[in-house]
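What's in run.txt: compact mmCIF, C-alpha atoms
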# COMPACT_ATOMS: atom_id res chain seq x y z
CA MET C 1 -4.27 -160.96 -113.05
CA SER C 2 -1.86 -158.14 -112.11
CA ALA C 3 1.49 -158.81 -110.48
CA THR C 4 1.86 -158.16 -106.77
CA PRO C 5 3.16 -154.60 -106.24
CA ALA C 6 6.78 -154.40 -105.11
CA ARG C 7 7.46 -153.38 -101.53
CA ILE C 8 10.41 -152.42 -99.38
CA ILE C 9 11.22 -155.61 -97.49
CA ALA C 10 14.23 -154.66 -95.36
CA VAL C 11 16.27 -151.79 -93.96
CA ASP C 12 19.87 -152.96 -93.59
CA THR C 13 22.27 -150.86 -91.52
CA HIS C 14 26.06 -150.84 -91.34
CA ASP C 15 28.58 -149.11 -89.04
CA ILE C 16 31.42 -148.32 -91.46
CA ARG C 17 34.59 -146.59 -90.25
CA PHE C 18 37.83 -145.65 -91.97
CA PRO C 19 41.08 -145.03 -90.02
CA THR C 20 41.75 -141.53 -91.38
CA SER C 21 43.06 -140.31 -88.01
CA ARG C 22 46.30 -142.16 -88.59
CA GLU C 23 47.42 -139.80 -91.33
CA LEU C 24 45.55 -136.80 -89.79
CA ASP C 25 43.33 -136.58 -92.86
CA GLY C 26 40.34 -134.45 -91.91
CA SER C 27 42.02 -132.87 -88.89
CA ASP C 28 40.94 -129.42 -87.73
CA ALA C 29 40.96 -127.26 -84.62
CA MET C 30 37.92 -128.93 -83.07
CA ASN C 31 38.40 -132.45 -84.43
CA PRO C 32 42.10 -133.32 -84.25
CA ASP C 33 41.85 -137.06 -84.98
CA PRO C 34 38.71 -137.94 -86.97
CA ASP C 35 38.03 -141.41 -88.31
CA TYR C 36 35.74 -140.73 -91.24
CA SER C 37 32.68 -142.94 -90.87
CA ALA C 38 29.33 -143.67 -92.48
CA ALA C 39 26.17 -144.78 -90.75
CA TYR C 40 25.00 -146.61 -93.83
CA VAL C 41 21.56 -147.86 -94.86
CA VAL C 42 20.32 -150.07 -97.68
CA LEU C 43 16.63 -150.26 -98.52
CA ARG C 44 15.98 -153.67 -100.09
CA THR C 45 12.91 -154.41 -102.20
CA ASP C 46 11.24 -157.48 -103.67
CA GLU C 47 11.08 -155.78 -107.06
CA ASP C 48 12.30 -157.80 -110.04
CA GLY C 49 16.04 -157.24 -110.32
CA GLY C 50 16.38 -156.56 -106.60
CA ALA C 51 16.32 -152.76 -106.74
CA GLU C 52 17.97 -151.10 -103.73
CA GLY C 53 18.24 -147.60 -102.32
CA HIS C 54 21.46 -146.57 -100.59
CA GLY C 55 21.99 -143.71 -98.15
CA PHE C 56 24.13 -142.71 -95.20
CA THR C 57 25.02 -139.98 -92.81
CA PHE C 58 28.55 -138.94 -91.92
CA THR C 59 30.26 -139.07 -88.52
CA ILE C 60 33.89 -139.01 -87.42
CA GLY C 61 34.14 -142.29 -85.52
CA ARG C 62 32.92 -142.85 -81.99
CA GLY C 63 29.16 -142.53 -81.86
CA ASN C 64 28.68 -143.95 -85.33
CA ASP C 65 27.02 -146.92 -83.61
CA VAL C 66 24.48 -144.54 -82.06
CA GLN C 67 23.73 -143.08 -85.48
CA VAL C 68 23.29 -146.56 -86.96
CA ALA C 69 20.90 -147.46 -84.14
CA ALA C 70 18.85 -144.34 -84.88
CA ILE C 71 18.52 -145.36 -88.54
CA HIS C 72 17.53 -148.87 -87.48
CA ALA C 73 14.83 -147.41 -85.23
CA LEU C 74 13.06 -145.99 -88.31
CA ARG C 75 12.61 -149.32 -90.06
CA HIS C 76 8.97 -149.78 -88.97
CA HIS C 77 8.09 -146.62 -90.92
CA VAL C 78 9.71 -148.02 -94.06
CA VAL C 79 9.34 -151.79 -94.33
CA GLY C 80 6.19 -152.79 -96.18
CA ARG C 81 5.74 -149.57 -98.12
CA LEU C 82 4.94 -149.86 -101.80
CA VAL C 83 7.96 -149.00 -103.92
CA ASP C 84 5.86 -147.12 -106.47
CA ASP C 85 4.31 -145.00 -103.73
CA VAL C 86 7.49 -144.05 -101.94
CA CYS C 87 9.44 -143.35 -105.14
CA GLY C 88 6.57 -141.42 -106.68
CA ASP C 89 6.24 -139.28 -103.58
CA PRO C 90 9.32 -139.37 -101.30
CA GLY C 91 7.74 -136.50 -99.40
CA SER C 92 5.12 -138.90 -98.01
CA LEU C 93 7.79 -140.85 -96.12
CA PHE C 94 9.63 -137.65 -95.22
CA ARG C 95 6.48 -136.24 -93.62
CA ASP C 96 5.78 -139.45 -91.72
CA LEU C 97 9.31 -139.61 -90.34
CA ILE C 98 9.43 -135.94 -89.39
CA GLY C 99 5.93 -136.20 -87.95
CA ASP C 100 6.51 -139.16 -85.62
CA SER C 101 5.72 -137.35 -82.37
CA GLN C 102 7.72 -139.69 -80.13
CA LEU C 103 10.83 -139.46 -82.29
CA ARG C 104 10.26 -135.74 -82.73
CA TRP C 105 10.51 -135.34 -78.96
CA LEU C 106 14.18 -136.29 -79.26
CA GLY C 107 14.83 -133.25 -81.50
CA PRO C 108 12.72 -131.77 -82.73
CA GLU C 109 14.21 -131.77 -86.24
CA LYS C 110 17.81 -131.80 -85.12
CA GLY C 111 20.53 -134.13 -83.98
CA VAL C 112 20.93 -137.87 -84.32
CA MET C 113 17.32 -138.71 -85.22
CA HIS C 114 17.11 -135.94 -87.81
CA MET C 115 20.29 -137.15 -89.47
CA ALA C 116 18.96 -140.71 -89.41
CA ILE C 117 15.84 -139.51 -91.21
CA GLY C 118 18.10 -137.86 -93.77
CA ALA C 119 19.93 -141.14 -94.42
CA VAL C 120 16.67 -143.00 -95.02
CA VAL C 121 15.14 -140.23 -97.13
CA ASN C 122 18.28 -139.98 -99.25
CA ALA C 123 18.15 -143.76 -99.78
CA VAL C 124 14.59 -143.39 -101.09
CA TRP C 125 15.73 -140.73 -103.56
CA ASP C 126 18.59 -142.98 -104.64
CA LEU C 127 16.07 -145.76 -105.31
CA ALA C 128 13.73 -143.39 -107.15
CA ALA C 129 16.50 -142.09 -109.41
CA LYS C 130 17.71 -145.61 -110.19
CA ARG C 131 14.19 -146.68 -111.14
CA ALA C 132 13.90 -143.59 -113.34
CA ARG C 133 17.29 -144.47 -114.89
CA GLN C 134 18.60 -140.98 -114.22
CA PRO C 135 21.22 -139.41 -111.98
CA LEU C 136 19.45 -137.64 -109.15
CA TRP C 137 20.40 -134.14 -110.30
CA GLN C 138 18.65 -134.75 -113.63
CA LEU C 139 15.62 -136.35 -112.01
CA LEU C 140 15.18 -133.22 -109.90
CA ALA C 141 15.96 -130.78 -112.72
CA LYS C 142 13.39 -132.39 -115.03
CA ALA C 143 10.67 -132.67 -112.39
CA ASP C 144 7.51 -130.57 -112.57
CA PRO C 145 7.88 -127.49 -110.35
CA GLU C 146 4.52 -128.19 -108.73
CA TRP C 147 5.66 -131.68 -107.75
CA LEU C 148 8.94 -130.38 -106.32
CA VAL C 149 7.05 -127.85 -104.22
CA SER C 150 4.87 -130.68 -102.91
CA GLN C 151 8.01 -132.38 -101.60
CA ILE C 152 8.87 -129.49 -99.28
CA ASP C 153 7.76 -128.97 -95.69
CA PHE C 154 6.98 -125.25 -95.49
CA ARG C 155 6.09 -125.38 -91.81
CA TYR C 156 7.97 -122.63 -89.92
CA ILE C 157 9.45 -121.01 -93.06
CA THR C 158 6.55 -119.28 -94.81
CA ASP C 159 7.54 -115.96 -93.24
CA ALA C 160 10.61 -116.19 -95.48
CA LEU C 161 9.49 -118.39 -98.40
CA THR C 162 5.94 -119.29 -99.38
CA PRO C 163 4.96 -122.20 -101.64
CA GLU C 164 3.90 -119.66 -104.26
CA GLU C 165 7.33 -117.99 -104.19
CA ALA C 166 9.06 -121.36 -104.42
CA LEU C 167 6.94 -122.26 -107.41
CA GLN C 168 7.82 -118.99 -109.13
CA ILE C 169 11.55 -119.62 -108.58
CA LEU C 170 11.28 -123.13 -110.01
CA ARG C 171 9.22 -121.99 -112.99
CA ARG C 172 11.82 -119.33 -113.79
CA GLY C 173 14.47 -122.01 -113.43
CA ARG C 174 13.05 -123.93 -116.35
CA GLU C 175 14.04 -121.07 -118.67
CA GLY C 176 17.38 -122.01 -120.20
CA ALA C 177 17.59 -125.27 -118.23
CA LYS C 178 18.29 -127.32 -121.35
CA GLU C 179 21.24 -125.13 -122.30
CA ARG C 180 22.62 -125.21 -118.75
CA THR C 181 22.36 -128.99 -118.72
CA THR C 182 24.42 -129.13 -121.90
CA ARG C 183 27.07 -126.82 -120.42
CA LEU C 184 27.16 -128.83 -117.20
CA LEU C 185 27.70 -132.08 -119.05
CA GLN C 186 30.46 -130.47 -121.10
CA ARG C 187 32.28 -128.50 -118.42
CA GLY C 188 31.18 -129.75 -115.01
CA TYR C 189 30.64 -127.74 -111.83
CA PRO C 190 33.40 -125.64 -110.18
CA ALA C 191 35.13 -127.19 -107.19
CA TYR C 192 37.50 -126.09 -104.47
CA THR C 193 39.75 -128.35 -102.45
CA THR C 194 40.41 -128.74 -98.74
CA SER C 195 42.83 -131.61 -99.28
CA ALA C 196 45.85 -129.34 -98.82
CA GLY C 197 44.68 -127.60 -95.68
CA TRP C 198 44.11 -130.12 -92.88
CA LEU C 199 45.44 -128.77 -89.63
CA GLY C 200 47.63 -131.79 -88.88
CA TYR C 201 49.68 -131.44 -92.08
CA ASP C 202 53.16 -129.93 -91.82
CA ASP C 203 54.24 -126.96 -93.95
CA ASP C 204 55.99 -129.10 -96.54
CA LYS C 205 52.88 -131.18 -97.13
CA LEU C 206 50.71 -128.06 -97.20
CA SER C 207 53.02 -126.43 -99.75
CA ARG C 208 53.20 -129.50 -101.96
CA LEU C 209 49.46 -130.14 -101.96
CA ALA C 210 48.59 -126.46 -102.50
CA ALA C 211 50.85 -126.34 -105.54
CA GLN C 212 49.30 -129.54 -106.83
CA ALA C 213 45.81 -128.10 -106.37
CA VAL C 214 46.64 -125.12 -108.58
CA ALA C 215 48.22 -127.41 -111.17
CA ASP C 216 45.04 -129.51 -111.14
CA GLY C 217 42.92 -126.48 -112.05
CA PHE C 218 41.45 -125.48 -108.69
CA THR C 219 40.95 -121.75 -108.27
CA GLN C 220 40.20 -121.98 -104.53
CA ILE C 221 41.70 -123.93 -101.64
CA LYS C 222 40.75 -124.02 -97.97
CA LEU C 223 42.89 -124.09 -94.83
CA LYS C 224 41.81 -125.19 -91.37
CA VAL C 225 42.60 -122.60 -88.69
CA GLY C 226 41.85 -121.86 -85.07
CA ALA C 227 44.26 -123.83 -82.89
CA ASP C 228 47.18 -121.39 -82.70
CA LEU C 229 47.27 -117.92 -84.27
CA ASP C 230 51.01 -117.88 -84.93
CA ASP C 231 50.75 -121.23 -86.67
CA ASP C 232 47.82 -119.96 -88.75
CA VAL C 233 49.71 -116.84 -89.81
CA ARG C 234 52.63 -118.99 -90.90
CA ARG C 235 50.46 -121.52 -92.73
CA CYS C 236 48.46 -118.82 -94.52
CA ARG C 237 51.70 -117.17 -95.58
CA VAL C 238 53.00 -120.47 -96.95
CA ALA C 239 49.78 -121.11 -98.86
CA ARG C 240 49.54 -117.59 -100.28
CA THR C 241 53.16 -117.72 -101.42
CA VAL C 242 52.55 -121.01 -103.20
CA VAL C 243 49.22 -120.29 -104.89
CA GLY C 244 49.83 -116.63 -105.72
CA PRO C 245 47.41 -113.69 -105.54
CA ASP C 246 44.72 -114.93 -107.92
CA VAL C 247 43.72 -118.18 -106.23
CA ARG C 248 41.17 -117.81 -103.45
CA ILE C 249 42.04 -119.07 -99.99
CA ALA C 250 39.17 -119.82 -97.65
CA ILE C 251 39.76 -120.44 -93.95
CA ASP C 252 37.73 -122.66 -91.65
CA ALA C 253 37.65 -122.44 -87.84
CA ASN C 254 35.19 -125.31 -87.29
CA GLN C 255 33.25 -123.42 -84.57
CA ARG C 256 36.36 -122.83 -82.47
CA TRP C 257 35.79 -119.22 -81.36
CA GLY C 258 33.49 -116.86 -79.53
CA VAL C 259 32.56 -113.58 -81.22
CA ALA C 260 35.45 -111.40 -80.03
CA GLU C 261 38.03 -114.09 -80.75
CA ALA C 262 36.58 -114.76 -84.20
CA ILE C 263 36.83 -111.08 -85.09
CA ARG C 264 40.35 -110.70 -83.72
CA TRP C 265 41.64 -113.87 -85.36
CA THR C 266 40.07 -113.20 -88.75
CA ARG C 267 41.42 -109.65 -88.81
CA ALA C 268 44.87 -111.00 -87.97
CA LEU C 269 44.71 -113.23 -91.06
CA ALA C 270 43.22 -110.55 -93.32
CA ALA C 271 46.64 -109.73 -94.75
CA PHE C 272 46.48 -113.02 -96.67
CA ALA C 273 43.17 -112.05 -98.31
CA PRO C 274 41.00 -114.92 -97.08
CA TYR C 275 37.91 -115.26 -99.22
CA TRP C 276 35.70 -116.50 -96.40
CA ILE C 277 35.88 -117.47 -92.76
CA GLU C 278 33.88 -120.65 -92.27
CA GLU C 279 32.10 -121.60 -89.06
CA PRO C 280 33.73 -118.83 -87.00
CA THR C 281 31.56 -119.65 -83.97
CA SER C 282 28.72 -121.89 -82.78
CA PRO C 283 26.49 -122.97 -85.68
CA ASP C 284 23.45 -122.30 -83.48
CA ASP C 285 24.36 -118.66 -82.80
CA ILE C 286 22.70 -116.62 -85.53
CA LEU C 287 23.36 -113.22 -83.98
CA ALA C 288 27.02 -114.07 -83.40
CA HIS C 289 27.47 -114.86 -87.09
CA ALA C 290 25.80 -111.56 -87.97
CA ALA C 291 28.13 -109.67 -85.64
CA VAL C 292 31.22 -111.39 -87.02
CA ARG C 293 30.10 -110.77 -90.58
CA LYS C 294 29.70 -107.06 -89.95
CA ALA C 295 33.09 -106.79 -88.24
CA VAL C 296 35.31 -108.77 -90.63
CA ALA C 297 34.01 -107.57 -94.02
CA PRO C 298 35.16 -107.77 -96.79
CA VAL C 299 36.06 -111.30 -95.62
CA LYS C 300 32.88 -113.28 -96.15
CA VAL C 301 31.21 -115.47 -93.53
CA ALA C 302 30.25 -119.00 -94.54
CA THR C 303 28.46 -121.66 -92.53
CA GLY C 304 26.06 -124.57 -92.79
CA GLU C 305 27.62 -128.00 -92.32
CA HIS C 306 26.35 -128.15 -88.72
CA VAL C 307 23.17 -126.13 -89.15
CA HIS C 308 20.37 -128.40 -87.97
CA ASN C 309 17.50 -127.64 -90.32
CA ARG C 310 15.75 -125.29 -92.74
CA ILE C 311 14.45 -123.16 -89.84
CA VAL C 312 17.91 -122.15 -88.66
CA PHE C 313 19.01 -121.46 -92.24
CA LYS C 314 15.91 -119.29 -92.65
CA GLN C 315 16.89 -117.21 -89.64
CA MET C 316 20.51 -116.94 -90.80
CA LEU C 317 19.27 -115.46 -94.06
CA GLN C 318 16.72 -113.18 -92.41
CA ALA C 319 19.36 -111.85 -90.00
CA GLY C 320 21.96 -111.23 -92.70
CA ALA C 321 24.28 -113.59 -90.83
CA LEU C 322 26.08 -115.21 -93.75
CA ASP C 323 27.50 -114.45 -97.16
CA VAL C 324 27.86 -118.07 -98.26
CA LEU C 325 25.39 -120.83 -97.41
CA GLN C 326 26.88 -124.29 -97.06
CA ILE C 327 24.36 -127.08 -97.39
CA ASP C 328 25.29 -130.59 -96.28
CA ALA C 329 23.67 -133.59 -97.97
CA ALA C 330 23.62 -135.65 -94.76
CA ARG C 331 23.13 -133.19 -91.86
CA VAL C 332 19.50 -132.21 -92.44
CA ALA C 333 16.62 -134.59 -93.24
CA GLY C 334 17.71 -135.43 -96.77
CA VAL C 335 16.86 -134.16 -100.23
CA ASN C 336 13.41 -132.83 -99.29
CA GLU C 337 14.78 -130.45 -96.68
CA ASN C 338 17.70 -129.43 -98.86
CA LEU C 339 15.21 -128.44 -101.57
CA ALA C 340 13.75 -125.95 -99.10
CA ILE C 341 17.18 -124.62 -98.19
CA LEU C 342 18.24 -124.17 -101.81
CA LEU C 343 15.06 -122.24 -102.53
CA LEU C 344 15.53 -120.09 -99.44
CA ALA C 345 19.04 -119.22 -100.61
CA ALA C 346 17.71 -118.37 -104.08
CA LYS C 347 15.03 -116.14 -102.58
CA TYR C 348 17.66 -114.20 -100.60
CA GLY C 349 20.25 -114.17 -103.38
CA VAL C 350 22.91 -115.95 -101.32
CA PRO C 351 25.30 -118.31 -103.13
CA VAL C 352 25.38 -121.97 -102.07
CA CYS C 353 28.80 -123.60 -101.69
CA PRO C 354 28.22 -127.05 -100.18
CA HIS C 355 30.21 -128.74 -97.46
CA ALA C 356 31.66 -132.06 -98.60
CA GLY C 357 34.50 -132.74 -96.16
CA GLY C 358 33.62 -136.31 -95.25
CA VAL C 359 33.29 -139.82 -96.61
CA GLY C 360 30.77 -139.87 -99.44
CA LEU C 361 29.67 -136.27 -99.04
CA CYS C 362 31.25 -135.25 -102.34
CA GLU C 363 29.36 -138.04 -104.07
CA LEU C 364 26.02 -136.86 -102.68
CA VAL C 365 26.13 -133.10 -102.67
CA GLN C 366 27.30 -132.71 -106.27
CA HIS C 367 23.76 -133.70 -107.31
CA LEU C 368 22.17 -130.94 -105.22
CA SER C 369 24.46 -128.21 -106.58
CA MET C 370 23.97 -129.35 -110.15
CA PHE C 371 20.19 -129.32 -109.71
CA ASP C 372 20.50 -125.84 -108.21
CA TYR C 373 22.48 -124.63 -111.24
CA VAL C 374 20.18 -126.16 -113.84
CA ALA C 375 16.79 -125.49 -112.25
CA VAL C 376 17.00 -122.98 -109.39
CA SER C 377 19.75 -120.36 -109.32
CA GLY C 378 20.81 -120.75 -112.96
CA THR C 379 24.40 -119.72 -112.18
CA THR C 380 27.74 -120.98 -110.90
CA GLU C 381 29.09 -117.50 -110.22
CA ASP C 382 30.85 -117.45 -106.82
CA ARG C 383 29.69 -121.02 -106.28
CA VAL C 384 31.97 -123.99 -105.70
CA ILE C 385 31.54 -127.46 -104.24
CA GLU C 386 34.08 -128.59 -101.66
CA TYR C 387 36.28 -131.51 -102.70
CA VAL C 388 38.47 -133.70 -100.53
CA ASP C 389 40.59 -136.42 -102.07
CA HIS C 390 39.75 -139.18 -99.61
CA LEU C 391 37.91 -142.52 -99.79
CA HIS C 392 36.23 -142.15 -103.17
CA GLU C 393 37.55 -145.56 -104.20
CA HIS C 394 35.00 -147.17 -101.88
CA PHE C 395 32.04 -146.03 -104.00
CA LEU C 396 30.62 -147.73 -107.07
CA ASN C 397 30.20 -144.37 -108.82
CA PRO C 398 32.84 -142.06 -107.34
CA VAL C 399 33.13 -138.39 -108.15
CA VAL C 400 35.28 -137.42 -111.10
CA ILE C 401 37.27 -134.17 -110.98
CA GLN C 402 38.47 -132.65 -114.24
CA ASP C 403 40.40 -129.38 -114.35
CA GLY C 404 39.07 -128.25 -110.98
CA HIS C 405 35.45 -129.17 -111.81
CA TYR C 406 33.08 -131.94 -110.77
CA ALA C 407 32.13 -133.92 -113.87
CA ALA C 408 28.35 -134.32 -113.96
CA PRO C 409 27.36 -137.85 -112.89
CA THR C 410 25.59 -139.90 -115.54
CA ALA C 411 24.94 -143.15 -113.64
CA PRO C 412 21.38 -143.54 -112.30
CA GLY C 413 20.92 -142.81 -108.61
CA PHE C 414 22.40 -140.59 -105.90
CA SER C 415 26.00 -141.94 -106.20
CA ALA C 416 25.59 -143.29 -102.66
CA ALA C 417 26.30 -147.00 -103.11
CA MET C 418 29.50 -148.31 -101.53
CA ARG C 419 31.42 -151.28 -102.85
CA PRO C 420 30.40 -154.51 -101.07
CA GLU C 421 34.05 -155.34 -100.42
CA SER C 422 34.54 -151.98 -98.67
CA ILE C 423 31.51 -152.60 -96.48
CA ALA C 424 32.84 -156.02 -95.57
CA ARG C 425 36.32 -154.73 -94.81
CA TYR C 426 35.51 -151.56 -92.82
CA THR C 427 32.35 -152.52 -90.91
CA PHE C 428 33.12 -151.86 -87.25
CA PRO C 429 34.22 -153.77 -85.26
CA GLY C 430 33.92 -157.09 -87.07
CA GLY C 431 35.03 -156.17 -90.60
CA THR C 432 38.22 -157.72 -91.87
CA PHE C 433 40.24 -154.54 -91.35
CA TRP C 434 39.13 -153.86 -87.78
CA ALA C 435 39.06 -157.50 -86.67
CA THR C 436 42.79 -157.79 -87.35
CA ASP C 437 43.85 -154.25 -86.43
CA PRO C 438 46.45 -154.08 -83.65
CA ASP C 439 45.68 -150.42 -82.90
CA LEU C 440 42.00 -151.01 -82.18
CA GLN C 441 42.72 -151.71 -78.53
CA LYS C 442 44.48 -148.35 -78.30
CA GLY C 443 41.22 -146.49 -78.82
CA HIS C 444 41.23 -145.67 -82.53
CA ALA C 445 37.63 -145.50 -83.78
CA ALA C 446 36.47 -147.40 -80.69
Taking this structure as input, can you express it in the form of structure tokens?
Amino acid sequence: MSATPARIIAVDTHDIRFPTSRELDGSDAMNPDPDYSAAYVVLRTDEDGGAEGHGFTFTIGRGNDVQVAAIHALRHHVVGRLVDDVCGDPGSLFRDLIGDSQLRWLGPEKGVMHMAIGAVVNAVWDLAAKRARQPLWQLLAKADPEWLVSQIDFRYITDALTPEEALQILRRGREGAKERTTRLLQRGYPAYTTSAGWLGYDDDKLSRLAAQAVADGFTQIKLKVGADLDDDVRRCRVARTVVGPDVRIAIDANQRWGVAEAIRWTRALAAFAPYWIEEPTSPDDILAHAAVRKAVAPVKVATGEHVHNRIVFKQMLQAGALDVLQIDAARVAGVNENLAILLLAAKYGVPVCPHAGGVGLCELVQHLSMFDYVAVSGTTEDRVIEYVDHLHEHFLNPVVIQDGHYAAPTAPGFSAAMRPESIARYTFPGGTFWATDPDLQKGHAA
């Protein structure tokens, strides 16, 4: 008599917040006092050994409870599913979640519900990779191209990328994949750091951290800009003096400007040779990005961390609105949708440099870039993953940076699991940190 098939038996959610606003870590022109937070989900199973899938989406404090509630609202789609089925075909759950017409009305395919779907879908991929005893990037890189194509929702994007074209890209990606895997395990994937450039840091801290970044092997840093032009000129001058002419400096306005202001401001900083201007204007405004790109060249335009879905990315690429595409592991609906976006970028020949400026985002997105290198684009030229030196100690398998490169993860899964003691301490508002915090009544992370 066969054993009873394992099922998902629970969807646990946690509102986890870290008090990063107190040191101005993560500060920028639009978000001056963020408390890095994770709307966190654990899929529990009745499988022998208690296999779990972990996922989350990133917020910056207030509203994290809303995001957690959205994840919780998806549990009826998940509980009771066979583990073999959902891990063998994560796209089946992805399609059911995206296709829930009543939830879709709240989007469609954007905002809080879409991010909640991403957290759950990412948790499924974490579970699948753990059961396969592989890090996610290797699970994806070794997968049959036909199966990967079956995981993608091509609705609304076939005018830019057809399933046949995606399959051709993935089949080509298998050529030399073994050699690229070896190189990746030996050398890692290039990184750049934003840790020096938060807007709330004074010039001394900027100078010290920029110098340290170069000493640590980074060949690109990023500065937040957009609050005050005179301050930005001064800060860019400080950074350029410290890092010298050969280290790239990217600048990031975090959606602060309209078109005319973005052009004027970027041109004013052009003397410091910025490599790209990131999020110069609203992430929804495709034509504005195209206009800025045309006006500020050779400074490149980069965007993506707030782009809602594959459809908007498709239009950005069709309109020639960006030079650098920045996927986010937790903004869109998880791995399945990011597969589509990576393939769209490959079709249009646009480099992918992921956003990772948030708790756990470095841990997640490294897998997607490494899969892209091994099995899609086949290159790391002009490609870097963002790195911020915050909160990695709260993860069971934190990122490892060596000589300005992400070391390829070897632990099974999506690197998403937080330490139980961190969950207990920083769950809001009843965790041991927040329950005894005298500043909580002053509005921090409330």
Quick check, in Å to one decimal: how far apart do CA of Lys130 in chain C and CA of Gly188 in chain C lie? 21.4 Å
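Closest approach to His405 in chain C from the set C:Asn122, C:Ser207, C:Gln186, C:Thr379 is made by C:Gln186, with distances taken over all atoms listed in the file.
Neighbouring residues of Leu185 in chain C at 10 Å or closer, counting all atoms listed in the file and skipping chain neighbours under 5 positions away, are Arg180, Tyr406, Ala407, Ala408, Pro409 and Thr410 of chain C.
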How would the residues just picked look written out with C-alpha atoms as a PDB file, keeping the file's coordinate frame?
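Result file result.pdb:
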ATOM      1  CA  ARG C 180      22.620-125.210-118.750  1.00  0.00           C
ATOM      2  CA  TYR C 406      33.080-131.940-110.770  1.00  0.00           C
ATOM      3  CA  ALA C 407      32.130-133.920-113.870  1.00  0.00           C
ATOM      4  CA  ALA C 408      28.350-134.320-113.960  1.00  0.00           C
ATOM      5  CA  PRO C 409      27.360-137.850-112.890  1.00  0.00           C
ATOM      6  CA  THR C 410      25.590-139.900-115.540  1.00  0.00           C
TER       7      THR C 410
END
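Atom pair CA of Asp403 in chain C / CA of Ala213 in chain C: separated by 9.7 Å.
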Pairwise distance, CA of Lys224 in chain C with CA of Gly244 in chain C, equals 18.5 Å
May I have a table of the residues of range 268-369 of chain C lying at most 12 Å from range 57-71 of chain C, giving each one's closest pair of atoms and their distance in Å to one decimal, counting only C-alpha atoms, ordered by chain and ascending residue number, as a tab-separated table?
residue	atom	partner	partner_atom	distance
C:Glu305	CA	C:Phe58	CA	11.0
C:His306	CA	C:Phe58	CA	11.5
C:Asp328	CA	C:Phe58	CA	10.0
C:Ala329	CA	C:Thr57	CA	8.3
C:Ala330	CA	C:Thr57	CA	5.0
C:Arg331	CA	C:Thr57	CA	7.1
C:Val332	CA	C:Thr57	CA	9.5
C:Ala333	CA	C:Thr57	CA	10.0
C:Gly334	CA	C:Thr57	CA	9.5
C:His355	CA	C:Phe58	CA	11.7
C:Ala356	CA	C:Phe58	CA	10.1
C:Gly357	CA	C:Phe58	CA	9.6
C:Gly358	CA	C:Phe58	CA	6.6
C:Val359	CA	C:Phe58	CA	6.7
C:Gly360	CA	C:Phe58	CA	7.9
C:Leu361	CA	C:Phe58	CA	7.7
C:Cys362	CA	C:Phe58	CA	11.4
C:Leu364	CA	C:Thr57	CA	10.4
Residue among C:Leu342, C:Ala319, C:Ala128, C:Ala268 lying closest to Asp232 in chain C, counting only C-alpha atoms: C:Ala268
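Distances here use only C-alpha atoms; by that measure, the residue among C:Leu127, C:Leu199, C:Ala211, C:Met370 closest to Val247 in chain C is C:Ala211.
Across C:His72, C:Lys294, C:Lys222, C:Lys142, the tightest approach to Asp28 in chain C is made by C:Lys222 when counting all atoms listed in the file.
Each of C:Ala262, C:Ile385, C:Val374, C:Val324 was checked against Gly173 in chain C using only C-alpha atoms; the smallest atom-to-atom distance is that of C:Val374.
By chain and then residue number, the residues within 7 Å of Arg419 in chain C are His394, Phe395 and Leu396 of chain C, counting only C-alpha atoms and disregarding those fewer than 5 positions away in sequence.
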Residues of the last selection are to be written out with C-alpha atoms, as a tab-separated table (two decimals), keeping the file's coordinate frame.
chain	number	residue	atom	x	y	z
C	394	HIS	CA	35.00	-147.17	-101.88
C	395	PHE	CA	32.04	-146.03	-104.00
C	396	LEU	CA	30.62	-147.73	-107.07
Give as a PyMOL selection string every residue, naming chains and numbers as the document does, that has an atom within 12 Å of (9.6, -141.4, -80.9), counting only C-alpha atoms. chain C and resi 70+73-74+76-77+96-109+113-114
Just the residues within 8 Å of Leu368 in chain C, please, counting only C-alpha atoms, with nothing from its chain fewer than 2 positions along; format it as a PDB file with C-alpha atoms, in the frame of the given file.
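Here's the written file around22.pdb:
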ATOM      1  CA  TRP C 137      20.400-134.140-110.300  1.00  0.00           C
ATOM      2  CA  ALA C 329      23.670-133.590 -97.970  1.00  0.00           C
ATOM      3  CA  VAL C 335      16.860-134.160-100.230  1.00  0.00           C
ATOM      4  CA  ASN C 338      17.700-129.430 -98.860  1.00  0.00           C
ATOM      5  CA  LEU C 364      26.020-136.860-102.680  1.00  0.00           C
ATOM      6  CA  VAL C 365      26.130-133.100-102.670  1.00  0.00           C
ATOM      7  CA  GLN C 366      27.300-132.710-106.270  1.00  0.00           C
ATOM      8  CA  MET C 370      23.970-129.350-110.150  1.00  0.00           C
ATOM      9  CA  PHE C 371      20.190-129.320-109.710  1.00  0.00           C
ATOM     10  CA  ASP C 372      20.500-125.840-108.210  1.00  0.00           C
TER      11      ASP C 372
END
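Each of C:Ala141, C:Leu184, C:Ala411, C:Ile8 was compared to Asp85 in chain C using only C-alpha atoms, and C:Ile8 turns out to be the nearest.
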